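The next block is upload_7.cif, given as mmCIF, C-alpha atoms.
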data_final
#
loop_
_atom_site.label_atom_id
_atom_site.label_comp_id
_atom_site.auth_asym_id
_atom_site.auth_seq_id
_atom_site.Cartn_x
_atom_site.Cartn_y
_atom_site.Cartn_z
CA TRP L 1 -68.78 195.66 -44.97
CA TYR L 2 -68.75 191.88 -44.76
CA LEU L 3 -68.81 189.38 -41.94
CA VAL L 4 -67.00 186.34 -43.33
CA ASP L 5 -67.05 182.84 -41.85
CA LEU L 6 -63.86 181.08 -42.92
CA PRO L 7 -63.03 177.37 -42.65
CA GLY L 8 -61.70 176.31 -39.28
CA TYR L 9 -58.09 175.41 -38.69
CA GLY L 10 -58.72 172.84 -35.97
CA TYR L 11 -61.66 170.50 -35.88
CA ALA L 12 -62.84 169.91 -39.42
CA ARG L 13 -64.22 166.70 -40.80
CA THR L 14 -61.82 166.60 -43.68
CA GLY L 15 -58.41 165.27 -44.57
CA LYS L 16 -55.08 166.70 -43.52
CA GLU L 17 -54.45 168.06 -47.03
CA ASN L 18 -57.71 170.03 -47.02
CA ARG L 19 -56.86 171.42 -43.59
CA LYS L 20 -53.54 172.68 -44.95
CA GLU L 21 -55.39 174.34 -47.84
CA PHE L 22 -57.83 175.93 -45.36
CA GLU L 23 -54.91 177.25 -43.33
CA TRP L 24 -53.13 178.69 -46.38
CA PHE L 25 -56.35 180.28 -47.62
CA THR L 26 -57.35 181.84 -44.31
CA LYS L 27 -53.89 183.17 -43.49
CA ASN L 28 -53.62 184.70 -46.96
CA PHE L 29 -57.10 186.17 -46.56
CA PHE L 30 -56.09 187.85 -43.28
CA LEU L 31 -52.84 189.22 -44.69
CA GLN L 32 -54.26 190.45 -48.01
CA ARG L 33 -57.22 192.44 -46.67
CA PRO L 34 -56.25 196.04 -45.94
CA THR L 35 -59.83 196.71 -44.84
CA LEU L 36 -59.89 193.83 -42.34
CA THR L 37 -61.29 195.22 -39.11
CA MET L 38 -61.14 192.19 -36.80
CA VAL L 39 -60.77 188.43 -36.69
CA LEU L 40 -63.00 186.63 -34.21
CA LEU L 41 -61.02 183.59 -33.07
CA LEU L 42 -63.42 180.98 -31.69
CA VAL L 43 -62.02 178.91 -28.84
CA ASP L 44 -63.82 176.00 -27.13
CA SER L 45 -64.02 176.93 -23.43
CA SER L 46 -65.24 173.46 -22.41
CA ILE L 47 -61.75 171.99 -22.84
CA PRO L 48 -58.28 173.03 -21.65
CA PRO L 49 -56.28 175.36 -23.94
CA GLN L 50 -55.27 173.59 -27.12
CA PRO L 51 -51.87 174.17 -28.73
CA ILE L 52 -53.48 174.79 -32.14
CA ASP L 53 -55.60 177.65 -30.72
CA LEU L 54 -52.62 179.21 -28.94
CA GLU L 55 -50.46 178.86 -32.06
CA TYR L 56 -53.09 180.54 -34.22
CA ALA L 57 -53.51 183.39 -31.74
CA GLN L 58 -49.73 183.79 -31.65
CA TRP L 59 -49.59 183.85 -35.47
CA LEU L 60 -52.32 186.50 -35.66
CA GLY L 61 -50.50 188.62 -33.07
CA SER L 62 -47.11 188.22 -34.76
CA LYS L 63 -48.57 189.40 -38.08
CA GLY L 64 -50.37 192.35 -36.53
CA VAL L 65 -53.78 190.96 -37.48
CA PRO L 66 -56.36 192.45 -35.11
CA PHE L 67 -58.30 189.73 -33.33
CA SER L 68 -60.61 189.07 -30.43
CA LEU L 69 -61.31 185.81 -28.64
CA VAL L 70 -64.79 184.35 -28.62
CA PHE L 71 -64.93 181.53 -26.10
CA THR L 72 -67.68 179.11 -27.13
CA LYS L 73 -69.60 176.40 -25.24
CA ALA L 74 -69.71 178.42 -22.03
CA ASP L 75 -72.50 176.16 -20.75
CA LYS L 76 -70.69 172.88 -21.44
CA ARG L 77 -68.07 170.91 -19.57
CA LYS L 78 -66.38 167.83 -20.96
CA LYS L 79 -66.59 164.76 -18.74
CA GLY L 80 -63.83 164.96 -16.15
CA GLY L 81 -62.65 168.30 -17.56
CA SER L 82 -61.89 171.60 -15.91
CA LYS L 83 -64.54 174.21 -15.30
CA LYS L 84 -64.99 176.53 -18.27
CA GLN L 85 -63.78 179.59 -16.37
CA ALA L 86 -60.60 177.73 -15.42
CA ASN L 87 -60.04 176.93 -19.11
CA VAL L 88 -60.61 180.54 -20.14
CA THR L 89 -58.27 181.80 -17.41
CA ALA L 90 -55.64 179.24 -18.42
CA PHE L 91 -55.90 180.29 -22.08
CA LYS L 92 -55.42 183.95 -21.20
CA ARG L 93 -52.50 183.13 -18.90
CA MET L 94 -50.82 181.07 -21.63
CA LEU L 95 -51.18 183.94 -24.12
CA LEU L 96 -49.32 186.18 -21.70
CA GLN L 97 -46.73 183.74 -20.39
CA GLN L 98 -46.03 181.46 -23.34
CA CYS L 99 -47.04 183.37 -26.45
CA GLY L 100 -45.45 186.72 -25.67
CA PHE L 101 -48.59 188.85 -25.49
CA THR L 102 -48.34 191.94 -23.32
CA ALA L 103 -52.14 192.17 -23.01
CA VAL L 104 -55.00 189.77 -23.61
CA PRO L 105 -57.12 190.62 -26.67
CA PRO L 106 -60.80 191.45 -26.11
CA CYS L 107 -62.73 188.33 -25.02
CA ILE L 108 -66.37 187.31 -25.07
CA LEU L 109 -67.73 184.16 -23.43
CA THR L 110 -70.67 182.65 -25.35
CA SER L 111 -73.07 179.72 -25.44
CA ALA L 112 -75.16 178.83 -28.47
CA SER L 113 -77.40 176.62 -26.30
CA SER L 114 -78.26 179.11 -23.56
CA GLY L 115 -77.73 182.33 -25.51
CA ASP L 116 -75.19 183.59 -22.96
CA GLY L 117 -72.97 186.25 -24.47
CA LYS L 118 -75.16 186.66 -27.55
CA GLN L 119 -76.07 190.30 -26.91
CA GLU L 120 -72.49 191.15 -25.97
CA LEU L 121 -71.18 189.53 -29.16
CA LEU L 122 -73.78 191.27 -31.34
CA ALA L 123 -72.96 194.62 -29.73
CA PHE L 124 -69.25 193.97 -30.29
CA ILE L 125 -69.86 193.19 -33.98
CA ALA L 126 -72.01 196.32 -34.29
CA GLY L 127 -69.12 198.31 -32.85
CA LEU L 128 -66.80 196.76 -35.43
CA ARG L 129 -69.17 197.89 -38.16
CA VAL L 130 -69.02 201.46 -36.83
CA LEU L 131 -65.21 201.26 -36.68
CA PHE L 132 -65.11 200.02 -40.27
CA GLU L 133 -67.32 202.90 -41.42
CA GLN L 134 -65.11 205.42 -39.62
CA GLN L 135 -61.98 203.95 -41.19
CA ALA L 136 -63.58 203.95 -44.65
CA THR L 137 -64.64 207.59 -44.25
CA ALA L 138 -61.15 208.60 -43.09
CA ALA L 139 -59.53 206.72 -46.01
CA ALA L 140 -61.87 208.36 -48.50
CA GLY L 141 -61.10 211.80 -47.04
CA SER L 142 -57.37 211.20 -47.23
CA LYS L 143 -57.62 210.12 -50.88
CA GLN L 144 -59.52 213.29 -51.75
CA SER L 145 -56.96 215.50 -50.04
CA GLU L 146 -54.16 213.82 -52.06
CA ARG L 147 -55.74 214.99 -55.29
#
Mind converting the file's structure to structure tokens?
Amino acid sequence: WYLVDLPGYGYARTGKENRKEFEWFTKNFFLQRPTLTMVLLLVDSSIPPQPIDLEYAQWLGSKGVPFSLVFTKADKRKKGGSKKQANVTAFKRMLLQQCGFTAVPPCILTSASSGDGKQELLAFIAGLRVLFEQQATAAAGSKQSER
């Protein structure tokens, strides 16, 4: 079982060409991993919903890639920006109304500075590990019964 941190698709201090390579690599990674349990899509909650985040969520959903939303920077607010909860609510609403989702994926609100959401996120990841183990055991049992 691996927890993999892949290059971001949005804010990266690199050229446009490298960002395209990152996008190709990560999308291929998600589509070519039959044992993929979950993608944790990190979304900045201190700013209004960004088209790139919504587009990526829509792509994951359209490809059947399981994902959850991890809203970051729960303790921050950009100058003159909306309150974080308003941004999170707006993101969820846009997934339902503009991206065609029938339900909002699991969400966790986190802050690296204050530690908010840390225990919830760790428990969620631990649950993913258990799910992975159960799936691996079931797959192994089905292979044995085929013999």
Subject >> Distance criterion (all atoms listed in the file): nearest to L:Leu42 out of L:Glu17, L:Asp5, L:Glu133, L:Glu23 >> reply: L:Asp5
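If you apply the PyMOL selection byres ((chain L and resi 27-35) around 8) to this structure, you end up with Glu23, Trp24, Phe25, Thr26, Leu36, Thr37, Lys63, Val65 and Phe132 of chain L.
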Subject >> Atom-to-atom span, atom CA of L:Leu109 and atom CA of L:Phe22, Å >> reply: 25.4 Å
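With atom CA of L:Ser68 on one side and atom CA of L:Pro106 on the other, the separation reads 4.9 Å.
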Residue by residue, what does the PyMOL selection byres ((chain L and resi 43) around 6) grab here? Present the result as a PDB file with C-alpha atoms, keeping the file's coordinate frame.
ATOM      1  CA  LEU L  42     -63.420 180.980 -31.690  1.00  0.00           C
ATOM      2  CA  ASP L  44     -63.820 176.000 -27.130  1.00  0.00           C
ATOM      3  CA  PHE L  71     -64.930 181.530 -26.100  1.00  0.00           C
ATOM      4  CA  THR L  72     -67.680 179.110 -27.130  1.00  0.00           C
TER       5      THR L  72
END
Subject >> Atomic separation - atom CA of L:Val70 relative to atom CA of L:Ile108, Å >> reply: 4.9 Å
Answer key for the PyMOL selection byres ((chain L and resi 74) around 8), residues as an mmCIF file with C-alpha atoms, in the coordinates of the input:
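Below is the file that was written, out-v5.cif:
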data_model
loop_
_atom_site.group_PDB
_atom_site.id
_atom_site.type_symbol
_atom_site.label_atom_id
_atom_site.label_comp_id
_atom_site.auth_asym_id
_atom_site.auth_seq_id
_atom_site.Cartn_x
_atom_site.Cartn_y
_atom_site.Cartn_z
ATOM 1 C CA SER L 45 -64.020 176.930 -23.430
ATOM 2 C CA SER L 46 -65.240 173.460 -22.410
ATOM 3 C CA PHE L 71 -64.930 181.530 -26.100
ATOM 4 C CA THR L 72 -67.680 179.110 -27.130
ATOM 5 C CA LYS L 73 -69.600 176.400 -25.240
ATOM 6 C CA ASP L 75 -72.500 176.160 -20.750
ATOM 7 C CA LYS L 76 -70.690 172.880 -21.440
ATOM 8 C CA LYS L 84 -64.990 176.530 -18.270
ATOM 9 C CA LEU L 109 -67.730 184.160 -23.430
ATOM 10 C CA THR L 110 -70.670 182.650 -25.350
ATOM 11 C CA SER L 111 -73.070 179.720 -25.440
ATOM 12 C CA ASP L 116 -75.190 183.590 -22.960
#
Original post:
Pick from L:Thr89, L:Phe101, L:Ala123, L:Ala136: nearest to L:Ser62, with all atoms listed in the file counted?
Top reply: L:Phe101
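For the choices L:Cys107, L:Ala140, L:Gln85, L:Lys92, the atom-to-atom distance to L:Gln50 is smallest for L:Lys92 when using only C-alpha atoms.
For the choices L:Gly141, L:Pro49, L:Pro66, L:Gly8, the atom-to-atom distance to L:Ala90 is smallest for L:Pro49 when using all atoms listed in the file.
Of the residues under consideration (L:Leu3, L:Ala112, L:Cys99, L:Ala126), L:Cys99 shows the shortest atom-to-atom contact distance to L:Glu55 when counting only C-alpha atoms.
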**OP:** Go through L:Lys20, L:Asn87, L:Leu6, L:Gly61 and flag the residue nearest L:Ala103, using only C-alpha atoms for the distances.
**Re:** L:Gly61
